Amino acid sequence: MRFVLAMAALIVVSVGYGIWPSGQLTWPVNLAVDCLLLFCAACILCKRLHDRGRAGWWTGLILLAWAMVWSGPRNPLTWIYAPVLALAVVDLAMLPGQAAFNRFGLNPALS
């Protein structure tokens with residue numbers, strides 16, 4: 001549940017920043033905000049992936065799929081990234097974490 005709330009908050013901030021009139025901001029500020037949002041998303045995804053017993057490098061694939069699907073269908077690869085993103089949503093948002101110890105440590109809900 002914490003994962004879903006954290007990702008929803010990030011999406012709300014990202015959409016809110018996207019509709020902000022960015023003509024008043026310089027490109028270094030835009031770059032800094034984008035990097036900060038990307039870093040936060042990567043940290044949250046990596047923590048959830050570890051909770052599910054998966055390696056954190058899968059975060060890169062999930063964020064790539066998000067970036068490709070978010071901006072709309074631009075090329076045929078979008079039809080490949082959309083199911084990847086759907087599987088990630090089902091796996092990370094709907095399925096529970098591992099009940100016991102895994103190679104990344106104890107389940108945070110148990111401690």
# chains A, B, ... in the order shown; residues from 1 in each chain; ligands from 1
call {"tool": "residues_around", "arguments": {"residues": "Ile80 (chain A)", "least_positions_apart": "3", "cutoff": "12 Å", "atoms": "only C-alpha atoms", "output": "VMD selection string"}}
result
chain A and resid 61 64 to 66 68 to 69 73 75 to 77 83 to 87
call {"tool": "write_last_selection", "arguments": {"atoms": "C-alpha atoms", "output": "tab-separated table (two decimals), in the first residue's frame"}}
result
chain	number	residue	atom	x	y	z
A	61	LEU	CA	13.30	-1.46	-17.66
A	64	LEU	CA	12.01	2.98	-19.71
A	65	ALA	CA	8.60	1.42	-20.31
A	66	TRP	CA	6.98	4.25	-18.36
A	68	MET	CA	7.83	5.24	-23.69
A	69	VAL	CA	4.16	4.76	-22.79
A	73	PRO	CA	2.27	5.86	-29.03
A	75	ASN	CA	6.55	3.98	-32.55
A	76	PRO	CA	5.81	0.24	-32.72
A	77	LEU	CA	7.92	-0.43	-29.62
A	83	PRO	CA	2.48	-4.98	-21.59
A	84	VAL	CA	5.79	-4.73	-19.71
A	85	LEU	CA	4.40	-1.81	-17.76
A	86	ALA	CA	1.10	-3.63	-17.17
A	87	LEU	CA	2.95	-6.67	-15.80
call {"tool": "select_by_dssp", "arguments": {"residues": "chain A", "states": "alpha helix (DSSP H)", "output": "PyMOL selection string"}}
result
chain A and resi 2-19+27-51+58-70+78-89
call {"tool": "atom_distance", "arguments": {"atom1": "CA of Ile44 (chain A)", "atom2": "CA of Thr59 (chain A)"}}
result
9.2 Å
call {"tool": "closest_residue", "arguments": {"among": "A:Val4, A:Ala93, A:Pro21, A:Leu63", "to": "Tyr81 (chain A)", "atoms": "only C-alpha atoms"}}
result
A:Leu63
call {"tool": "residues_around", "arguments": {"residues": "Leu92 (chain A)", "least_positions_apart": "4", "cutoff": "8 Å", "atoms": "only C-alpha atoms", "output": "ChimeraX atom specification"}}
result
/A:48-49,52,88,96
call {"tool": "write_last_selection", "arguments": {"atoms": "N, CA and C atoms", "output": "CSV table (one decimal), in the first residue's frame"}}
result
chain,number,residue,atom,x,y,z
A,48,ARG,N,10.7,-1.6,-3.7
A,48,ARG,CA,9.6,-2.6,-3.9
A,48,ARG,C,10.0,-3.8,-4.6
A,49,LEU,N,10.9,-3.7,-5.6
A,49,LEU,CA,11.4,-4.9,-6.2
A,49,LEU,C,12.2,-5.7,-5.2
A,52,ARG,N,9.8,-7.7,-3.2
A,52,ARG,CA,9.3,-8.8,-4.0
A,52,ARG,C,10.3,-9.9,-4.3
A,88,ALA,N,4.4,-5.0,-14.7
A,88,ALA,CA,5.0,-4.4,-13.6
A,88,ALA,C,4.0,-3.9,-12.6
A,96,PRO,N,1.5,-9.2,-2.9
A,96,PRO,CA,2.2,-8.9,-1.7
A,96,PRO,C,3.7,-9.2,-1.8
call {"tool": "residues_around", "arguments": {"residues": "Ala41 (chain A)", "least_positions_apart": "2", "cutoff": "9 Å", "atoms": "only C-alpha atoms", "output": "ChimeraX atom specification"}}
result
/A:6-7,10,36-39,43-46,59,63
call {"tool": "write_last_selection", "arguments": {"atoms": "C-alpha atoms", "output": "PDB file, in the first residue's frame"}}
result
ATOM      1  CA  ALA A   6       4.327   6.832  -2.985  1.00  0.00           C
ATOM      2  CA  MET A   7       4.087   6.222  -6.728  1.00  0.00           C
ATOM      3  CA  LEU A  10       5.178  11.016  -7.604  1.00  0.00           C
ATOM      4  CA  LEU A  36      14.986  14.468  -8.843  1.00  0.00           C
ATOM      5  CA  LEU A  37      11.686  12.868  -9.878  1.00  0.00           C
ATOM      6  CA  LEU A  38      13.523  10.112 -11.746  1.00  0.00           C
ATOM      7  CA  PHE A  39      15.774   9.422  -8.753  1.00  0.00           C
ATOM      8  CA  CYS A  43      14.450   4.482  -5.266  1.00  0.00           C
ATOM      9  CA  ILE A  44      10.805   3.608  -4.620  1.00  0.00           C
ATOM     10  CA  LEU A  45      10.732   1.010  -7.402  1.00  0.00           C
ATOM     11  CA  CYS A  46      14.006  -0.566  -6.291  1.00  0.00           C
ATOM     12  CA  THR A  59      13.910  -0.542 -12.274  1.00  0.00           C
ATOM     13  CA  LEU A  63      11.192   3.380 -16.013  1.00  0.00           C
TER      14      LEU A  63
END
call {"tool": "atom_distance", "arguments": {"atom1": "CA of Val90 (chain A)", "atom2": "CA of Ile19 (chain A)"}}
result
28.2 Å
call {"tool": "residues_around", "arguments": {"residues": "Asp51 (chain A)", "least_positions_apart": "3", "cutoff": "7 Å", "atoms": "only C-alpha atoms", "output": "PyMOL selection string"}}
result
chain A and resi 47-48+97-98+107
call {"tool": "write_last_selection", "arguments": {"atoms": "N, CA and C atoms", "output": "mmCIF file, in the first residue's frame"}}
result
data_model
loop_
_atom_site.group_PDB
_atom_site.id
_atom_site.type_symbol
_atom_site.label_atom_id
_atom_site.label_comp_id
_atom_site.auth_asym_id
_atom_site.auth_seq_id
_atom_site.Cartn_x
_atom_site.Cartn_y
_atom_site.Cartn_z
ATOM 1 N N LYS A 47 13.171 -0.358 -4.008
ATOM 2 C CA LYS A 47 12.779 -0.879 -2.697
ATOM 3 C C LYS A 47 11.649 -1.899 -2.824
ATOM 4 N N ARG A 48 10.682 -1.619 -3.670
ATOM 5 C CA ARG A 48 9.568 -2.556 -3.863
ATOM 6 C C ARG A 48 10.027 -3.829 -4.580
ATOM 7 N N GLY A 97 4.416 -8.596 -0.873
ATOM 8 C CA GLY A 97 5.843 -8.871 -0.794
ATOM 9 C C GLY A 97 6.087 -10.270 -0.256
ATOM 10 N N GLN A 98 7.329 -10.706 -0.333
ATOM 11 C CA GLN A 98 7.646 -12.030 0.193
ATOM 12 C C GLN A 98 7.436 -12.035 1.700
ATOM 13 N N ASN A 107 11.460 -8.706 5.409
ATOM 14 C CA ASN A 107 10.304 -7.975 4.902
ATOM 15 C C ASN A 107 10.096 -6.739 5.778
#
call {"tool": "closest_residue", "arguments": {"among": "A:Gly72, A:Phe3, A:Thr78, A:Gly53", "to": "Phe101 (chain A)", "atoms": "only C-alpha atoms"}}
result
A:Gly53
